[in-house]
Amino acid sequence: MKMSALLIASRAVISGRTGWTQGAAGKLRFLPVRVKNVNIKLYKHAPWIYRFCSRGALSLVSGLNRVPYSEQLSAAIWLNSYMYGGIEAFNDNHAHGEVLAAWDKAIQARLEVEKNIDEAGKIYGDFIARETKQRVPFEDPLECELG
């Protein structure tokens with residue numbers, strides 16, 4: 001999963017006021033019916049159960065998509081650079097709109113980086129293809145006939 005996709009999906013979790021919270025990674029909300037053994041996996045089937053902070057949303061999406069911890073940590077570090085003072089502190093001390101604006105900046109910057117990486121990869125691939133075509137095939141000196 002590309003980091004931009006992870007960030008976009010995580011932002012979607014908290015995009016509405018009802019899916020966002022402050023002061024905790026996730027909070028149980030009012031349930032219209034009694035549910036036993038409520039856990040995070042139930043979120044897929046009953047999205048009204050939890051509200052998440054920015055870090056909790058990132059953890060949720062990473063867990064549901066089996067994103068390796070190293071990639072989750074990289075995304076958190078990237079997001080942290082747009083939420084001054086740390087993800088949790090920024091989330092808890094700013095309004096919902098400001099938090100979403102920071103997510104948007106982080107996502108936009110990451111999309112730009114990934115676009116540049118993709119373009120650089122294409123340029124490099126084209127260069128290698130061109131160089132491979134121009135090379136003279138290597139002749140094995142053991143197979144050459146000595147005159």
# chains A, B, ... in the order shown; residues from 1 in each chain; ligands from 1
>>> residues_around(residues="range 77-93 of chain A", least_positions_apart="4", cutoff="6 Å", atoms="only C-alpha atoms", output="list in words")
Gln22, Gly23, Ala102 and Ala106 of chain A
>>> closest_residue(among="A:Ser70, A:Thr18, A:Gln108, A:Ser10", to="Ser54 in chain A", atoms="only C-alpha atoms")
A:Ser10
>>> atom_distance(atom1="CA of Asn65 in chain A", atom2="CA of Ala9 in chain A")
10.3 Å
>>> residues_around(residues="Val113 in chain A", least_positions_apart="6", cutoff="12 Å", atoms="only C-alpha atoms", output="PyMOL selection string")
chain A and resi 2-4+78+106-107+119-120
>>> write_last_selection(atoms="N, CA and C atoms", output="PDB file, in the first residue's frame")
ATOM      1  N   LYS A   2       0.671   2.126  -0.940  1.00  0.00           N
ATOM      2  CA  LYS A   2       1.449   3.361  -0.985  1.00  0.00           C
ATOM      3  C   LYS A   2       1.095   4.215   0.228  1.00  0.00           C
ATOM      4  N   MET A   3       2.068   5.009   0.659  1.00  0.00           N
ATOM      5  CA  MET A   3       1.832   5.857   1.817  1.00  0.00           C
ATOM      6  C   MET A   3       0.683   6.820   1.572  1.00  0.00           C
ATOM      7  N   SER A   4       0.573   7.348   0.362  1.00  0.00           N
ATOM      8  CA  SER A   4      -0.517   8.285   0.072  1.00  0.00           C
ATOM      9  C   SER A   4      -1.872   7.599   0.248  1.00  0.00           C
ATOM     10  N   TRP A  78       5.801  11.026   8.554  1.00  0.00           N
ATOM     11  CA  TRP A  78       5.449  11.983   7.498  1.00  0.00           C
ATOM     12  C   TRP A  78       4.349  12.930   7.982  1.00  0.00           C
ATOM     13  N   ALA A 106      -0.334  17.173   4.186  1.00  0.00           N
ATOM     14  CA  ALA A 106       0.538  15.991   4.211  1.00  0.00           C
ATOM     15  C   ALA A 106       0.250  15.075   3.021  1.00  0.00           C
ATOM     16  N   ILE A 107      -1.027  14.881   2.727  1.00  0.00           N
ATOM     17  CA  ILE A 107      -1.421  14.009   1.607  1.00  0.00           C
ATOM     18  C   ILE A 107      -0.973  14.621   0.283  1.00  0.00           C
ATOM     19  N   GLU A 119       7.889   9.245 -11.867  1.00  0.00           N
ATOM     20  CA  GLU A 119       8.493   9.832 -13.065  1.00  0.00           C
ATOM     21  C   GLU A 119       9.979   9.511 -13.138  1.00  0.00           C
ATOM     22  N   ALA A 120      10.668   9.585 -12.005  1.00  0.00           N
ATOM     23  CA  ALA A 120      12.098   9.273 -11.975  1.00  0.00           C
ATOM     24  C   ALA A 120      12.317   7.806 -12.328  1.00  0.00           C
TER      25      ALA A 120
END
>>> select_by_dssp(residues="range 59-136 of chain A", states="alpha helix (DSSP H)", output="ChimeraX atom specification")
/A:59-64,69-80,87-93,96-134
>>> residues_around(residues="Arg55 in chain A", least_positions_apart="2", cutoff="8 Å", atoms="only C-alpha atoms", output="list in words")
Ala25, Phe52, Cys53, Ala57, Leu58, Ser59, Ala76, Ile87 and Glu88 of chain A
>>> closest_residue(among="A:Ile123, A:Ile128, A:Val99, A:Val13", to="Val61 in chain A", atoms="only C-alpha atoms")
A:Val13
